Structures are given as C-alpha cells and as structure tokens.
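Data from entry.txt: compact mmCIF, N, CA and C atoms
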# COMPACT_ATOMS: atom_id res chain seq x y z
N MET A 849 141.70 152.99 64.28
CA MET A 849 141.99 152.60 65.65
C MET A 849 143.20 151.67 65.65
N SER A 850 144.13 151.92 66.56
CA SER A 850 145.32 151.08 66.62
C SER A 850 144.98 149.71 67.19
N LEU A 851 145.82 148.76 66.91
CA LEU A 851 145.61 147.40 67.40
C LEU A 851 145.60 147.38 68.92
N GLN A 852 146.50 148.16 69.54
CA GLN A 852 146.56 148.20 71.00
C GLN A 852 145.26 148.74 71.59
N ALA A 853 144.73 149.80 70.99
CA ALA A 853 143.48 150.38 71.48
C ALA A 853 142.34 149.38 71.33
N TYR A 854 142.34 148.63 70.23
CA TYR A 854 141.31 147.62 70.02
C TYR A 854 141.39 146.53 71.09
N LYS A 855 142.62 146.08 71.38
CA LYS A 855 142.80 145.04 72.39
C LYS A 855 142.30 145.52 73.76
N GLN A 856 142.62 146.77 74.09
CA GLN A 856 142.18 147.30 75.38
C GLN A 856 140.66 147.38 75.45
N ALA A 857 140.04 147.82 74.37
CA ALA A 857 138.58 147.90 74.34
C ALA A 857 137.95 146.52 74.44
N ALA A 858 138.54 145.55 73.75
CA ALA A 858 138.02 144.18 73.78
C ALA A 858 138.14 143.59 75.18
N GLN A 859 139.25 143.86 75.85
CA GLN A 859 139.44 143.32 77.20
C GLN A 859 138.45 143.93 78.18
N ARG A 860 138.15 145.21 78.02
CA ARG A 860 137.18 145.84 78.92
C ARG A 860 135.78 145.28 78.70
N ALA A 861 135.51 144.79 77.51
CA ALA A 861 134.18 144.28 77.19
C ALA A 861 134.03 142.80 77.54
N GLU A 862 135.09 142.15 77.97
CA GLU A 862 135.03 140.73 78.31
C GLU A 862 134.29 140.50 79.62
N SER A 863 133.55 139.41 79.65
CA SER A 863 132.98 138.97 80.91
C SER A 863 134.09 138.26 81.69
N PRO A 864 133.93 138.08 82.99
CA PRO A 864 134.95 137.34 83.75
C PRO A 864 135.19 135.94 83.17
N ARG A 865 134.13 135.29 82.74
CA ARG A 865 134.26 133.95 82.16
C ARG A 865 135.08 133.99 80.87
N GLU A 866 134.84 135.00 80.04
CA GLU A 866 135.60 135.15 78.80
C GLU A 866 137.07 135.45 79.09
N ALA A 867 137.30 136.27 80.11
CA ALA A 867 138.68 136.59 80.49
C ALA A 867 139.40 135.33 80.99
N GLU A 868 138.71 134.51 81.78
CA GLU A 868 139.30 133.26 82.26
C GLU A 868 139.61 132.33 81.09
N TYR A 869 138.69 132.24 80.15
CA TYR A 869 138.89 131.39 78.97
C TYR A 869 140.11 131.86 78.20
N ARG A 870 140.22 133.18 77.98
CA ARG A 870 141.35 133.74 77.24
C ARG A 870 142.66 133.46 77.98
N LEU A 871 142.66 133.67 79.29
CA LEU A 871 143.87 133.43 80.08
C LEU A 871 144.28 131.96 80.03
N PHE A 872 143.32 131.06 80.19
CA PHE A 872 143.64 129.63 80.08
C PHE A 872 144.21 129.31 78.70
N GLY A 873 143.68 129.93 77.66
CA GLY A 873 144.20 129.71 76.31
C GLY A 873 145.64 130.16 76.19
N GLU A 874 145.95 131.33 76.73
CA GLU A 874 147.32 131.85 76.66
C GLU A 874 148.29 130.96 77.44
N VAL A 875 147.89 130.56 78.63
CA VAL A 875 148.76 129.71 79.46
C VAL A 875 148.94 128.34 78.81
N THR A 876 147.86 127.79 78.27
CA THR A 876 147.94 126.46 77.65
C THR A 876 148.82 126.50 76.41
N ARG A 877 148.72 127.56 75.62
CA ARG A 877 149.62 127.70 74.46
C ARG A 877 151.07 127.76 74.91
N ALA A 878 151.34 128.45 76.02
CA ALA A 878 152.71 128.51 76.54
C ALA A 878 153.19 127.13 76.99
N LEU A 879 152.29 126.35 77.60
CA LEU A 879 152.67 124.98 77.99
C LEU A 879 152.96 124.11 76.77
N ILE A 880 152.14 124.24 75.73
CA ILE A 880 152.35 123.45 74.51
C ILE A 880 153.69 123.80 73.90
N LYS A 881 153.98 125.09 73.82
CA LYS A 881 155.27 125.52 73.27
C LYS A 881 156.42 125.01 74.12
N ALA A 882 156.28 125.10 75.44
CA ALA A 882 157.33 124.63 76.34
C ALA A 882 157.56 123.13 76.21
N ALA A 883 156.48 122.38 76.01
CA ALA A 883 156.59 120.93 75.88
C ALA A 883 157.37 120.55 74.62
N GLU A 884 157.32 121.41 73.62
CA GLU A 884 158.01 121.14 72.36
C GLU A 884 159.48 121.55 72.39
N LEU A 885 159.87 122.31 73.40
CA LEU A 885 161.26 122.77 73.50
C LEU A 885 162.18 121.64 73.93
N ASP A 886 163.42 121.78 73.59
CA ASP A 886 164.44 120.84 74.04
C ASP A 886 164.55 120.94 75.56
N ARG A 887 164.80 119.84 76.21
CA ARG A 887 164.89 119.82 77.67
C ARG A 887 166.00 120.73 78.20
N THR A 888 166.95 121.10 77.35
CA THR A 888 168.03 121.99 77.79
C THR A 888 167.56 123.44 77.90
N GLN A 889 166.39 123.76 77.36
CA GLN A 889 165.86 125.13 77.43
C GLN A 889 165.04 125.27 78.72
N ILE A 890 165.75 125.13 79.81
CA ILE A 890 165.13 125.05 81.12
C ILE A 890 164.35 126.31 81.47
N ALA A 891 164.93 127.47 81.26
CA ALA A 891 164.28 128.72 81.67
C ALA A 891 162.93 128.90 80.99
N GLU A 892 162.87 128.64 79.69
CA GLU A 892 161.64 128.81 78.94
C GLU A 892 160.57 127.80 79.40
N ARG A 893 161.01 126.58 79.66
CA ARG A 893 160.08 125.55 80.13
C ARG A 893 159.55 125.91 81.53
N MET A 894 160.44 126.38 82.39
CA MET A 894 160.05 126.73 83.75
C MET A 894 159.12 127.95 83.76
N ASP A 895 159.33 128.90 82.85
CA ASP A 895 158.45 130.08 82.79
C ASP A 895 157.01 129.66 82.55
N ALA A 896 156.80 128.76 81.60
CA ALA A 896 155.44 128.29 81.29
C ALA A 896 154.85 127.53 82.47
N LEU A 897 155.64 126.68 83.08
CA LEU A 897 155.16 125.93 84.25
C LEU A 897 154.81 126.86 85.41
N HIS A 898 155.65 127.85 85.61
CA HIS A 898 155.40 128.80 86.70
C HIS A 898 154.12 129.59 86.45
N TRP A 899 153.92 130.04 85.21
CA TRP A 899 152.72 130.80 84.86
C TRP A 899 151.46 129.95 85.10
N ASN A 900 151.51 128.69 84.68
CA ASN A 900 150.38 127.79 84.89
C ASN A 900 150.13 127.58 86.38
N ARG A 901 151.19 127.38 87.12
CA ARG A 901 151.05 127.17 88.56
C ARG A 901 150.45 128.41 89.23
N GLN A 902 150.87 129.59 88.80
CA GLN A 902 150.31 130.84 89.35
C GLN A 902 148.81 130.93 89.07
N LEU A 903 148.41 130.57 87.86
CA LEU A 903 146.99 130.59 87.51
C LEU A 903 146.20 129.68 88.44
N TRP A 904 146.66 128.46 88.59
CA TRP A 904 145.94 127.49 89.42
C TRP A 904 145.97 127.88 90.90
N ASN A 905 147.08 128.45 91.37
CA ASN A 905 147.13 128.91 92.76
C ASN A 905 146.14 130.05 92.99
N ALA A 906 146.01 130.93 92.02
CA ALA A 906 145.04 132.03 92.14
C ALA A 906 143.62 131.48 92.19
N LEU A 907 143.34 130.49 91.34
CA LEU A 907 142.01 129.87 91.36
C LEU A 907 141.72 129.21 92.71
N ALA A 908 142.70 128.50 93.23
CA ALA A 908 142.52 127.83 94.52
C ALA A 908 142.30 128.84 95.64
N THR A 909 143.04 129.93 95.60
CA THR A 909 142.88 130.97 96.61
C THR A 909 141.47 131.57 96.56
N GLU A 910 140.99 131.83 95.35
CA GLU A 910 139.64 132.37 95.19
C GLU A 910 138.59 131.36 95.68
N CYS A 911 138.82 130.11 95.39
CA CYS A 911 137.85 129.07 95.78
C CYS A 911 137.85 128.83 97.29
N ALA A 912 138.96 129.10 97.95
CA ALA A 912 139.05 128.92 99.40
C ALA A 912 138.38 130.05 100.17
N ASP A 913 138.08 131.13 99.47
CA ASP A 913 137.43 132.29 100.12
C ASP A 913 135.99 131.94 100.43
N PRO A 914 135.59 132.03 101.68
CA PRO A 914 134.20 131.68 102.06
C PRO A 914 133.14 132.52 101.35
N SER A 915 133.50 133.70 100.87
CA SER A 915 132.52 134.55 100.19
C SER A 915 132.36 134.19 98.72
N ASN A 916 133.14 133.23 98.23
CA ASN A 916 133.02 132.80 96.84
C ASN A 916 131.64 132.17 96.65
N THR A 917 130.96 132.56 95.57
CA THR A 917 129.58 132.11 95.36
C THR A 917 129.45 130.85 94.52
N LEU A 918 130.57 130.29 94.08
CA LEU A 918 130.48 129.01 93.35
C LEU A 918 130.00 127.93 94.31
N PRO A 919 129.35 126.88 93.79
CA PRO A 919 128.95 125.78 94.65
C PRO A 919 130.16 125.17 95.37
N VAL A 920 129.95 124.78 96.60
CA VAL A 920 131.04 124.25 97.44
C VAL A 920 131.74 123.06 96.75
N ALA A 921 130.96 122.17 96.15
CA ALA A 921 131.56 120.99 95.50
C ALA A 921 132.47 121.40 94.35
N LEU A 922 132.06 122.38 93.56
CA LEU A 922 132.88 122.86 92.45
C LEU A 922 134.14 123.52 92.96
N ARG A 923 134.01 124.31 94.01
CA ARG A 923 135.18 124.95 94.60
C ARG A 923 136.17 123.89 95.09
N ALA A 924 135.67 122.84 95.71
CA ALA A 924 136.54 121.76 96.19
C ALA A 924 137.24 121.06 95.03
N GLN A 925 136.54 120.86 93.94
CA GLN A 925 137.14 120.22 92.77
C GLN A 925 138.25 121.09 92.18
N ILE A 926 138.03 122.39 92.13
CA ILE A 926 139.05 123.30 91.60
C ILE A 926 140.28 123.31 92.49
N ILE A 927 140.06 123.32 93.79
CA ILE A 927 141.19 123.26 94.73
C ILE A 927 141.95 121.95 94.57
N SER A 928 141.23 120.87 94.39
CA SER A 928 141.86 119.56 94.19
C SER A 928 142.69 119.56 92.90
N LEU A 929 142.13 120.12 91.85
CA LEU A 929 142.88 120.21 90.59
C LEU A 929 144.13 121.07 90.76
N SER A 930 144.02 122.14 91.53
CA SER A 930 145.18 123.00 91.78
C SER A 930 146.29 122.22 92.50
N MET A 931 145.90 121.40 93.44
CA MET A 931 146.88 120.57 94.15
C MET A 931 147.54 119.59 93.19
N PHE A 932 146.75 118.98 92.30
CA PHE A 932 147.31 118.09 91.29
C PHE A 932 148.30 118.83 90.41
N VAL A 933 147.90 120.03 89.95
CA VAL A 933 148.77 120.82 89.08
C VAL A 933 150.09 121.11 89.79
N ASN A 934 150.04 121.46 91.05
CA ASN A 934 151.28 121.73 91.80
C ASN A 934 152.17 120.50 91.89
N ARG A 935 151.57 119.36 92.22
CA ARG A 935 152.37 118.12 92.32
C ARG A 935 152.94 117.73 90.96
N HIS A 936 152.10 117.82 89.93
CA HIS A 936 152.55 117.40 88.60
C HIS A 936 153.62 118.35 88.06
N THR A 937 153.47 119.63 88.34
CA THR A 937 154.48 120.60 87.91
C THR A 937 155.82 120.27 88.54
N SER A 938 155.82 119.95 89.81
CA SER A 938 157.08 119.57 90.47
C SER A 938 157.68 118.33 89.82
N ALA A 939 156.85 117.38 89.47
CA ALA A 939 157.35 116.15 88.82
C ALA A 939 157.93 116.46 87.44
N ILE A 940 157.33 117.39 86.71
CA ILE A 940 157.89 117.78 85.41
C ILE A 940 159.26 118.42 85.63
N MET A 941 159.35 119.29 86.62
CA MET A 941 160.63 119.95 86.90
C MET A 941 161.71 118.95 87.28
N GLN A 942 161.30 117.86 87.92
CA GLN A 942 162.26 116.81 88.30
C GLN A 942 162.56 115.86 87.15
N GLY A 943 161.81 116.00 86.06
CA GLY A 943 162.05 115.16 84.89
C GLY A 943 161.36 113.82 84.92
N THR A 944 160.40 113.64 85.84
CA THR A 944 159.72 112.34 85.94
C THR A 944 158.35 112.32 85.28
N GLU A 945 157.86 113.47 84.83
CA GLU A 945 156.57 113.56 84.15
C GLU A 945 156.68 114.46 82.93
N THR A 946 155.61 114.50 82.14
CA THR A 946 155.57 115.34 80.95
C THR A 946 154.47 116.40 81.10
N PHE A 947 154.42 117.28 80.13
CA PHE A 947 153.44 118.37 80.12
C PHE A 947 152.04 117.89 79.73
N VAL A 948 151.92 116.71 79.20
CA VAL A 948 150.66 116.25 78.61
C VAL A 948 149.47 116.41 79.54
N GLU A 949 149.60 115.97 80.77
CA GLU A 949 148.48 116.01 81.71
C GLU A 949 148.06 117.44 82.04
N LEU A 950 149.04 118.35 82.21
CA LEU A 950 148.71 119.74 82.51
C LEU A 950 147.95 120.38 81.35
N ILE A 951 148.41 120.11 80.15
CA ILE A 951 147.75 120.64 78.96
C ILE A 951 146.32 120.11 78.87
N GLU A 952 146.16 118.83 79.14
CA GLU A 952 144.83 118.22 79.07
C GLU A 952 143.88 118.79 80.12
N VAL A 953 144.36 118.97 81.35
CA VAL A 953 143.52 119.55 82.40
C VAL A 953 143.08 120.95 81.98
N ASN A 954 144.01 121.76 81.48
CA ASN A 954 143.66 123.11 81.06
C ASN A 954 142.64 123.09 79.92
N ARG A 955 142.81 122.18 78.98
CA ARG A 955 141.87 122.10 77.86
C ARG A 955 140.46 121.72 78.34
N ILE A 956 140.40 120.82 79.28
CA ILE A 956 139.09 120.42 79.82
C ILE A 956 138.42 121.60 80.51
N VAL A 957 139.18 122.35 81.28
CA VAL A 957 138.62 123.53 81.94
C VAL A 957 138.16 124.54 80.89
N MET A 958 138.95 124.71 79.83
CA MET A 958 138.58 125.64 78.76
C MET A 958 137.27 125.21 78.10
N GLN A 959 137.06 123.91 77.94
CA GLN A 959 135.80 123.45 77.36
C GLN A 959 134.62 123.86 78.24
N GLY A 960 134.82 123.81 79.54
CA GLY A 960 133.76 124.23 80.46
C GLY A 960 133.52 125.73 80.45
N LEU A 961 134.56 126.50 80.16
CA LEU A 961 134.45 127.95 80.13
C LEU A 961 134.02 128.48 78.77
N ALA A 962 134.15 127.66 77.74
CA ALA A 962 133.88 128.12 76.38
C ALA A 962 132.44 128.60 76.23
N PRO A 963 132.28 129.67 75.45
CA PRO A 963 130.90 130.13 75.20
C PRO A 963 130.14 129.06 74.44
N PRO A 964 128.84 128.95 74.69
CA PRO A 964 128.07 127.94 73.97
C PRO A 964 128.07 128.23 72.48
N THR A 965 128.16 127.17 71.70
CA THR A 965 128.11 127.34 70.26
C THR A 965 126.67 127.39 69.83
N SER A 966 126.37 128.27 68.92
CA SER A 966 124.99 128.36 68.46
C SER A 966 124.74 127.32 67.38
N ALA A 967 123.62 126.66 67.45
CA ALA A 967 123.26 125.65 66.46
C ALA A 967 122.86 126.36 65.18
N ALA A 968 123.49 125.99 64.10
CA ALA A 968 123.19 126.64 62.81
C ALA A 968 122.07 125.93 62.10

Have the structure of the file written as structure tokens, please.
Amino acid sequence: MSLQAYKQAAQRAESPREAEYRLFGEVTRALIKAAELDRTQIAERMDALHWNRQLWNALATECADPSNTLPVALRAQIISLSMFVNRHTSAIMQGTETFVELIEVNRIVMQGLAPPTSAA
C-alpha cells in the first residue's frame, strides 16, 4: 500500500476529535517554525498566522451556530479564545507581540483534545 493510500485510509478512520487534534498539531508546528524564522521572512510568518486565524475563525463560527451541541459555556470560551487569537495575531503582525501565546493556547487546546493515555 502506498503512503498516500495509507494516509487517506487513516484520515477516513479518524474521529472528529482526532481530526481536530491532528489539525491543531499541524497548525501549531507551523507557528513554531514561523516563530523561529527571521523577521524578514514575512510571507512565511504570515502564512502560519493566517492558517491559525482561519482555524480559530472556523471554530468560532461553529460555536456561534445555535444547533451546536457543545455546552453553551464551552462555546462561549472558544469564541472568546478566537477573539484573543485574532487580536494577538494582529499584534504579532504589527511587531508588538510574539508567537509564544498563540502556541501556548493551541497546546492547551491540544491537551484537551488528546486521547486519554492508558495507565500501564
């Protein structure tokens, strides 16, 4: 089986939670890489910031949908985090903030999405 076929099969077998975890991992790795780039590599840095902002905007949009079955308080918290991500992203683009906080927020969300570890 080719690697591509394996990846496609694995993605079809993912639960929504696993897919979200994987996506957050990919976006967070892009932010980490962008944070390590020289400030003159604007396009690469902006690509990672834009991807992260898109992820959080999609989450906020889903949480704003009245048919969303997540608890209202959790939906509100996610929307609030999305607003923070948008503000902080703009500050990074202006050069007044760093990537650290965005990476940390994503890592915390990933911890919540991570599959439970089995006790050995």

(request) Enter the distance from atom C of Ala896 of chain A to atom CA of Ile956 of chain A, in Å, rounded to one decimal. (result) 17.5 Å

(message) Just to confirm, what's the straight-line distance from atom CA of Arg935 of chain A to atom CA of Leu907 of chain A in Å (one decimal)?
(response) 15.7 Å

(message) My list of candidates is A:Ser928, A:Thr888, A:Thr876, A:Ser863. Which is closest to Glu949 of chain A when distances are computed with only C-alpha atoms?
(response) A:Thr876

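Proximity ranking of A:Leu961, A:Val948, A:Ala912, A:Ile927 relative to Glu868 of chain A places A:Leu961 first, based on all atoms listed in the file.
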
(message) Please determine, counting only C-alpha atoms, which residue among A:Ala906, A:Leu885, A:Ala867, A:Met931 has the shortest atom-to-atom distance to Pro963 of chain A.
(response) A:Ala867

(message) Which residue is closest to Met894 of chain A? Choose from A:Ile880, A:Asn916, A:Met941, A:Leu922 and count only C-alpha atoms.
(response) A:Met941

Could you pull chain A out of the structure I just pasted and write it to a file containing C-alpha atoms, as a CSV table (one decimal), in the first residue's frame?
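Below you can see part24.csv, which holds the result:
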chain,number,residue,atom,x,y,z
A,849,MET,CA,0.0,0.0,0.0
A,850,SER,CA,1.4,3.4,-0.9
A,851,LEU,CA,2.0,6.0,1.8
A,852,GLN,CA,-0.7,8.3,0.2
A,853,ALA,CA,-3.3,5.5,0.3
A,854,TYR,CA,-2.4,4.8,3.9
A,855,LYS,CA,-2.8,8.5,4.8
A,856,GLN,CA,-6.2,8.6,3.1
A,857,ALA,CA,-7.4,5.5,4.9
A,858,ALA,CA,-6.1,6.8,8.3
A,859,GLN,CA,-7.9,10.1,7.8
A,860,ARG,CA,-11.2,8.4,7.0
A,861,ALA,CA,-10.9,6.4,10.2
A,862,GLU,CA,-10.3,9.5,12.4
A,863,SER,CA,-13.0,10.7,14.7
A,864,PRO,CA,-13.8,14.4,14.6
A,865,ARG,CA,-11.9,14.9,17.8
A,866,GLU,CA,-8.8,13.1,16.4
A,867,ALA,CA,-9.0,15.2,13.2
A,868,GLU,CA,-9.2,18.4,15.3
A,869,TYR,CA,-6.2,17.2,17.4
A,870,ARG,CA,-4.2,16.5,14.2
A,871,LEU,CA,-5.1,19.8,12.6
A,872,PHE,CA,-4.1,21.7,15.8
A,873,GLY,CA,-0.8,19.9,15.7
A,874,GLU,CA,-0.1,20.8,12.1
A,875,VAL,CA,-1.0,24.5,12.7
A,876,THR,CA,0.9,24.7,15.9
A,877,ARG,CA,4.0,23.2,14.2
A,878,ALA,CA,3.7,25.8,11.5
A,879,LEU,CA,3.5,28.6,14.2
A,880,ILE,CA,6.6,27.2,15.9
A,881,LYS,CA,8.5,27.1,12.7
A,882,ALA,CA,7.3,30.6,11.8
A,883,ALA,CA,8.4,31.9,15.2
A,884,GLU,CA,11.9,30.6,14.6
A,885,LEU,CA,12.2,32.4,11.2
A,886,ASP,CA,13.9,35.7,10.7
A,887,ARG,CA,11.5,38.6,10.9
A,888,THR,CA,12.4,39.4,7.3
A,889,GLN,CA,10.7,36.2,6.2
A,890,ILE,CA,7.3,38.0,6.3
A,891,ALA,CA,5.4,35.8,3.9
A,892,GLU,CA,6.2,32.5,5.7
A,893,ARG,CA,5.4,34.0,9.1
A,894,MET,CA,2.1,35.5,7.8
A,895,ASP,CA,1.1,32.1,6.2
A,896,ALA,CA,1.3,30.4,9.6
A,897,LEU,CA,-0.5,33.2,11.3
A,898,HIS,CA,-3.2,33.2,8.7
A,899,TRP,CA,-3.7,29.4,8.9
A,900,ASN,CA,-4.1,29.6,12.7
A,901,ARG,CA,-6.5,32.5,12.4
A,902,GLN,CA,-8.6,30.5,9.9
A,903,LEU,CA,-8.7,27.6,12.3
A,904,TRP,CA,-9.9,29.7,15.2
A,905,ASN,CA,-12.4,31.6,13.0
A,906,ALA,CA,-13.9,28.3,11.9
A,907,LEU,CA,-14.2,27.2,15.5
A,908,ALA,CA,-15.9,30.4,16.5
A,909,THR,CA,-18.3,30.1,13.6
A,910,GLU,CA,-19.2,26.6,14.6
A,911,CYS,CA,-19.6,27.6,18.2
A,912,ALA,CA,-21.9,30.5,17.2
A,913,ASP,CA,-24.3,28.1,15.5
A,914,PRO,CA,-27.3,27.6,17.7
A,915,SER,CA,-27.5,24.0,16.6
A,916,ASN,CA,-24.0,23.3,18.1
A,917,THR,CA,-24.4,20.7,20.8
A,918,LEU,CA,-21.4,21.7,22.9
A,919,PRO,CA,-22.3,23.3,26.3
A,920,VAL,CA,-23.1,27.0,26.0
A,921,ALA,CA,-20.3,27.9,28.4
A,922,LEU,CA,-17.7,26.0,26.4
A,923,ARG,CA,-18.8,27.5,23.2
A,924,ALA,CA,-18.5,31.0,24.7
A,925,GLN,CA,-15.0,30.2,25.9
A,926,ILE,CA,-14.0,29.0,22.4
A,927,ILE,CA,-15.4,32.2,20.9
A,928,SER,CA,-13.5,34.2,23.4
A,929,LEU,CA,-10.3,32.4,22.7
A,930,SER,CA,-10.9,33.0,19.0
A,931,MET,CA,-11.2,36.8,19.6
A,932,PHE,CA,-8.0,36.7,21.6
A,933,VAL,CA,-6.2,34.8,18.8
A,934,ASN,CA,-7.4,37.5,16.3
A,935,ARG,CA,-6.2,40.4,18.4
A,936,HIS,CA,-2.9,38.7,19.2
A,937,THR,CA,-2.3,37.8,15.6
A,938,SER,CA,-2.8,41.4,14.6
A,939,ALA,CA,-0.3,42.4,17.3
A,940,ILE,CA,2.3,39.9,16.0
A,941,MET,CA,1.8,41.3,12.5
A,942,GLN,CA,2.5,44.8,13.9
A,943,GLY,CA,5.6,43.6,15.6
A,944,THR,CA,4.4,44.3,19.2
A,945,GLU,CA,3.9,40.7,20.3
A,946,THR,CA,5.4,37.2,19.8
A,947,PHE,CA,4.1,33.8,18.8
A,948,VAL,CA,4.5,32.4,22.3
A,949,GLU,CA,1.0,33.0,23.5
A,950,LEU,CA,-0.6,31.6,20.3
A,951,ILE,CA,1.5,28.4,20.5
A,952,GLU,CA,0.6,28.0,24.2
A,953,VAL,CA,-3.1,28.4,23.6
A,954,ASN,CA,-3.0,25.8,20.8
A,955,ARG,CA,-1.1,23.4,23.0
A,956,ILE,CA,-3.6,23.8,25.8
A,957,VAL,CA,-6.4,23.0,23.4
A,958,MET,CA,-4.5,20.0,22.1
A,959,GLN,CA,-4.1,18.7,25.7
A,960,GLY,CA,-7.9,18.8,26.0
A,961,LEU,CA,-8.4,17.1,22.6
A,962,ALA,CA,-5.7,14.4,23.2
A,963,PRO,CA,-6.9,10.9,23.5
A,964,PRO,CA,-6.7,9.6,27.1
A,965,THR,CA,-3.5,7.8,27.9
A,966,SER,CA,-3.9,4.3,29.2
A,967,ALA,CA,-2.4,3.5,32.6
A,968,ALA,CA,0.3,0.8,32.2
